[in-house]
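> The following block contains the structure, expressed as structure tokens.
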Amino acid sequence: MEVADSVPGVVPVRDSKNVAGLVVIVAAPAWAAFVAHLKG
């Protein structure tokens, strides 16, 4: 998984093994909540 942090307000996520594949765009606050949950 590859995550970009250079796009204001959103976090693009893609499969790093399939760089020509689809990109999932996640709102930055939702991504922050997801990461916080993973960290516990």
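Chain identifiers are assigned as A, B, and so on, following the order in which chains appear in the structure tokens; residues are numbered from 1 within each chain, and ligands are numbered from 1 in order of appearance.
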When you look at stretch 1-7 of chain A with a cut-off of 8 Å (counting only C-alpha atoms), what residues show up, excluding the ones that are within fewer than 5 positions of it in the same chain? I need them as a tab-separated table (two decimals) with C-alpha atoms, in the first residue's frame.

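Listing of selection35.tsv after writing:
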chain	number	residue	atom	x	y	z
A	12	PRO	CA	-4.74	9.04	-2.06
A	13	VAL	CA	-4.05	5.33	-1.44
A	14	ARG	CA	-2.98	2.73	-4.01
A	15	ASP	CA	-1.51	-0.73	-4.30
A	16	SER	CA	2.25	-0.19	-4.55
A	17	LYS	CA	2.60	-3.42	-6.56
> Taking the backbone alone, and naming residues the way the document does, which bits of chain A are helix (DSSP H, G or I) by DSSP, as a CSV table (one decimal) with N, CA, C and O atoms, in the first residue's frame?

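Result file is selection17.csv:
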chain,number,residue,atom,x,y,z
A,28,ALA,N,-9.0,13.4,4.5
A,28,ALA,CA,-7.9,13.5,5.5
A,28,ALA,C,-8.4,13.2,6.9
A,28,ALA,O,-7.7,12.4,7.6
A,29,PRO,N,-9.5,13.8,7.4
A,29,PRO,CA,-9.9,13.5,8.7
A,29,PRO,C,-10.3,12.0,8.9
A,29,PRO,O,-10.0,11.4,10.0
A,30,ALA,N,-10.9,11.4,7.9
A,30,ALA,CA,-11.2,10.0,8.0
A,30,ALA,C,-9.9,9.1,8.0
A,30,ALA,O,-9.9,8.1,8.8
A,31,TRP,N,-8.9,9.5,7.3
A,31,TRP,CA,-7.7,8.8,7.3
A,31,TRP,C,-7.0,8.9,8.7
A,31,TRP,O,-6.5,7.9,9.2
A,32,ALA,N,-7.0,10.1,9.2
A,32,ALA,CA,-6.4,10.3,10.5
A,32,ALA,C,-7.1,9.5,11.6
A,32,ALA,O,-6.5,8.9,12.5
A,33,ALA,N,-8.4,9.4,11.5
A,33,ALA,CA,-9.2,8.6,12.5
A,33,ALA,C,-8.8,7.1,12.3
A,33,ALA,O,-8.7,6.3,13.3
A,34,PHE,N,-8.7,6.6,11.1
A,34,PHE,CA,-8.3,5.2,10.8
A,34,PHE,C,-7.0,4.9,11.4
A,34,PHE,O,-6.8,3.9,12.1
A,35,VAL,N,-6.0,5.8,11.1
A,35,VAL,CA,-4.6,5.6,11.6
A,35,VAL,C,-4.6,5.6,13.2
A,35,VAL,O,-4.0,4.8,13.8
A,36,ALA,N,-5.3,6.5,13.8
A,36,ALA,CA,-5.4,6.6,15.2
A,36,ALA,C,-6.0,5.3,15.8
A,36,ALA,O,-5.6,4.8,16.8
A,37,HIS,N,-7.0,4.8,15.1
A,37,HIS,CA,-7.6,3.5,15.6
A,37,HIS,C,-6.6,2.4,15.5
A,37,HIS,O,-6.6,1.5,16.4
A,38,LEU,N,-5.8,2.3,14.4
A,38,LEU,CA,-4.8,1.3,14.3
A,38,LEU,C,-3.8,1.3,15.4
A,38,LEU,O,-3.3,0.3,15.9
A,39,LYS,N,-3.4,2.6,15.7
A,39,LYS,CA,-2.4,2.8,16.8
A,39,LYS,C,-2.9,2.4,18.2
A,39,LYS,O,-2.1,2.2,19.1
> Name the residues of chain A that fall into strand (DSSP E) according to DSSP on the backbone, using the chain letters and numbers of this document, as a ChimeraX atom specification.
/A:2-3,10-14,23-27
> Contacts of A:Val10 at 8 Å or less, counting only C-alpha atoms, minus same-chain residues fewer than 6 places along, as a VMD selection string?
chain A and resid 25 to 28
> For the selection just defined, write its residues with N, CA, C and O atoms to a file, as a PDB file, in the first residue's frame.

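Printed below is again35.pdb as written:
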ATOM      1  N   ILE A  25      -9.410   7.520  -2.848  1.00  0.00           N
ATOM      2  CA  ILE A  25      -9.237   8.843  -2.244  1.00  0.00           C
ATOM      3  C   ILE A  25     -10.025   8.873  -0.935  1.00  0.00           C
ATOM      4  O   ILE A  25     -11.236   8.649  -0.923  1.00  0.00           O
ATOM      5  N   VAL A  26      -9.335   9.146   0.156  1.00  0.00           N
ATOM      6  CA  VAL A  26      -9.942   9.182   1.480  1.00  0.00           C
ATOM      7  C   VAL A  26      -9.818  10.603   2.027  1.00  0.00           C
ATOM      8  O   VAL A  26      -8.751  11.216   1.913  1.00  0.00           O
ATOM      9  N   ALA A  27     -10.875  11.103   2.626  1.00  0.00           N
ATOM     10  CA  ALA A  27     -10.805  12.423   3.267  1.00  0.00           C
ATOM     11  C   ALA A  27      -9.755  12.385   4.368  1.00  0.00           C
ATOM     12  O   ALA A  27      -9.647  11.397   5.103  1.00  0.00           O
ATOM     13  N   ALA A  28      -8.971  13.442   4.483  1.00  0.00           N
ATOM     14  CA  ALA A  28      -7.884  13.479   5.462  1.00  0.00           C
ATOM     15  C   ALA A  28      -8.353  13.209   6.891  1.00  0.00           C
ATOM     16  O   ALA A  28      -7.695  12.444   7.611  1.00  0.00           O
TER      17      ALA A  28
END
